[in-house]
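Colleague: Can you keep this structure in mind? I'll have questions shortly.
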Amino acid sequence: KKYNPEVHIERGYIDTKDNVSFLNHRDALRCFGYDGGHFQRAVWSIKGSDKGVWFPKLYENDLWNNTLSDDFSRIEMTKKDHSIIDVEFEDVEWYTFAHYKDFLGQTVYKFLGEFHSSRELSTESCRVYTREGTYVDLTKFLN
């Protein structure tokens, strides 16, 4: 049951204090009304909402070096080569599930909270997202 989205859907919320994780994107998205098949993209827009779901890799990979602050309050997204991020800045609000390997080496998507982009803290070569919440009322996304 640990990774089953139905537990959270029936309860009506997710909260970081409950250590919520899922085995794949699809299961996390089901909490927000998604009813499709396998999904493997970094972001998904929640229908009828100005929010979305984000699945960042919070470690260095081929193109990016994304980091999470020690207190879980801030995500910094930079290119591995420290070059300018050539995508226009967007004001976004993401329910964030970090791509993470648990202590057994299994990939899971761990709920970190609601993160918003910060114009004030971001630069040309670093996008900064700050945590604005740790609890999500799922009932507003589910029919």
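Going through the structure tokens in order, the chains are called A, B, and so on, while each chain numbers its residues from 1 and the ligands are numbered from 1 in the order shown.
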Sorted by chain and rising residue number, list the residues of range 100-133 of chain A at most 10 Å from range 25-35 of chain A (counting only C-alpha atoms), each with its closest atom pair and distance in Å to one decimal, as a tab-separated table.
Modeller:
residue	atom	partner	partner_atom	distance
A:Val108	CA	A:His25	CA	9.1
A:Tyr109	CA	A:His25	CA	7.3
A:Lys110	CA	A:Ala28	CA	9.2
A:Phe111	CA	A:Ala28	CA	8.8
Colleague: Skip Asp81 in chain A itself and residues of its chain fewer than 2 positions away, then list as a list in words all residues within 8 Å of it, counting only C-alpha atoms.
Modeller: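 Listing them by chain and then by number gives Leu63, Lys79 and Ser83 of chain A.
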Colleague: With distances taken over only C-alpha atoms, which of A:Thr134, A:Gly52, A:Tyr129, A:Tyr3 is nearest to Ser69 in chain A?
Modeller: A:Tyr129
Colleague: Pick out the closest residue to Ser21 in chain A from this set: A:Thr107, A:Ser73, A:Ser122, A:Gln40. Count only C-alpha atoms.
Modeller: A:Thr107
Colleague: For CA of Gly113 in chain A and CA of Ile14 in chain A, quote the distance in Å rounded to one decimal.
Modeller: 9.0 Å
Colleague: For Ser118 in chain A, find every residue with an atom within 7 Å (counting only C-alpha atoms), except residues of its own chain fewer than 2 positions away, and show them as a PyMOL selection string.
Modeller: chain A and resi 116+120-122+128-130
Colleague: I need the chosen residues saved as a short mmCIF file (atom, residue, chain, number, x, y, z; two decimals), in the first residue's frame, with all heavy atoms.
Modeller:
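See result.cif below for the written result:
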data_model
loop_
_atom_site.label_atom_id
_atom_site.label_comp_id
_atom_site.auth_asym_id
_atom_site.auth_seq_id
_atom_site.Cartn_x
_atom_site.Cartn_y
_atom_site.Cartn_z
N HIS A 116 6.93 27.30 -6.02
CA HIS A 116 6.62 28.39 -6.95
C HIS A 116 7.92 28.96 -7.49
O HIS A 116 8.91 29.07 -6.76
CB HIS A 116 5.87 29.51 -6.24
CG HIS A 116 4.53 29.10 -5.72
ND1 HIS A 116 3.63 30.01 -5.24
CD2 HIS A 116 3.91 27.89 -5.62
CE1 HIS A 116 2.53 29.40 -4.85
NE2 HIS A 116 2.69 28.11 -5.07
N GLU A 120 12.48 36.99 -8.19
CA GLU A 120 13.44 37.74 -7.39
C GLU A 120 14.74 36.99 -7.17
O GLU A 120 15.81 37.59 -7.16
CB GLU A 120 12.83 38.10 -6.02
CG GLU A 120 11.62 38.98 -6.08
CD GLU A 120 10.33 38.23 -6.45
OE1 GLU A 120 10.20 37.03 -6.11
OE2 GLU A 120 9.47 38.84 -7.11
N LEU A 121 14.66 35.69 -6.99
CA LEU A 121 15.85 34.89 -6.69
C LEU A 121 16.52 34.28 -7.93
O LEU A 121 17.67 33.89 -7.87
CB LEU A 121 15.50 33.77 -5.70
CG LEU A 121 14.97 34.23 -4.34
CD1 LEU A 121 14.51 33.03 -3.52
CD2 LEU A 121 16.03 35.02 -3.59
N SER A 122 15.79 34.21 -9.03
CA SER A 122 16.32 33.59 -10.25
C SER A 122 17.26 34.54 -10.99
O SER A 122 17.16 35.76 -10.86
CB SER A 122 15.17 33.18 -11.17
OG SER A 122 14.41 32.15 -10.58
N VAL A 128 15.10 29.54 -9.70
CA VAL A 128 14.90 29.20 -8.30
C VAL A 128 13.41 29.02 -8.04
O VAL A 128 12.59 29.82 -8.50
CB VAL A 128 15.48 30.29 -7.37
CG1 VAL A 128 15.19 29.97 -5.91
CG2 VAL A 128 16.98 30.44 -7.60
N TYR A 129 13.09 27.97 -7.29
CA TYR A 129 11.72 27.65 -6.89
C TYR A 129 11.70 27.53 -5.37
O TYR A 129 12.56 26.86 -4.79
CB TYR A 129 11.27 26.33 -7.54
CG TYR A 129 11.39 26.37 -9.04
CD1 TYR A 129 12.59 26.07 -9.67
CD2 TYR A 129 10.30 26.73 -9.82
CE1 TYR A 129 12.70 26.14 -11.05
CE2 TYR A 129 10.40 26.80 -11.20
CZ TYR A 129 11.61 26.50 -11.81
OH TYR A 129 11.72 26.57 -13.17
N THR A 130 10.73 28.18 -4.74
CA THR A 130 10.64 28.14 -3.28
C THR A 130 9.41 27.36 -2.85
O THR A 130 8.36 27.43 -3.48
CB THR A 130 10.59 29.56 -2.69
OG1 THR A 130 9.48 30.27 -3.26
CG2 THR A 130 11.88 30.32 -2.97
#
Colleague: Name the closest residue to Phe97 in chain A among the candidates A:Thr16, A:Thr78, A:Asn66, A:Asn61; distances are taken between atoms, counting only C-alpha atoms.
Modeller: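 The answer is A:Thr16, which sits nearest to Phe97 in chain A.
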Colleague: If you run DSSP on this backbone, which residues of chain A come out as helix (DSSP H, G or I), and could you give them as a PyMOL selection string?
Modeller: chain A and resi 5-11+16-18+25-30+138-140
Colleague: So the first atom is CA of Met77 in chain A and the second is CA of Trp64 in chain A; what is the distance between them in Å, to one decimal place?
Modeller: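 Computing the Euclidean distance for CA of Met77 in chain A and CA of Trp64 in chain A yields 7.1 Å.
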Colleague: Excluding Lys1 in chain A and residues on its chain fewer than 3 positions from it, collect all residues at most 12 Å away from it, counting only C-alpha atoms, and give them as an mmCIF file with C-alpha atoms, in the first residue's frame.
Modeller:
data_model
loop_
_atom_site.group_PDB
_atom_site.id
_atom_site.type_symbol
_atom_site.label_atom_id
_atom_site.label_comp_id
_atom_site.auth_asym_id
_atom_site.auth_seq_id
_atom_site.Cartn_x
_atom_site.Cartn_y
_atom_site.Cartn_z
ATOM 1 C CA ASN A 4 -0.665 3.027 -3.921
ATOM 2 C CA PRO A 5 -2.287 6.351 -4.936
ATOM 3 C CA GLU A 6 -5.741 5.098 -3.857
ATOM 4 C CA VAL A 7 -4.730 5.462 -0.207
ATOM 5 C CA HIS A 8 -4.169 9.206 -0.696
ATOM 6 C CA VAL A 20 4.434 10.151 0.223
ATOM 7 C CA SER A 21 6.161 8.417 -2.702
ATOM 8 C CA PHE A 22 5.049 6.724 -5.902
ATOM 9 C CA LEU A 23 6.735 4.243 -8.225
#
Colleague: Name the closest residue to Lys57 in chain A among the candidates A:Arg131, A:Arg41, A:Lys140, A:Lys17; distances are taken between atoms, counting only C-alpha atoms.
Modeller: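 Among the listed residues, the smallest separation from Lys57 in chain A belongs to A:Arg41.
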Colleague: Taking the chain letters and numbering used in this document, name the residues of range 62-136 of chain A that DSSP puts in strand (DSSP E), as a PyMOL selection string.
Modeller: chain A and resi 64-68+74-79+93-101+107-117+126-133+135-136
Colleague: Have a look at CA of Gly133 in chain A and CA of Asp18 in chain A and let me know their distance in Å, one decimal.
Modeller: 14.0 Å
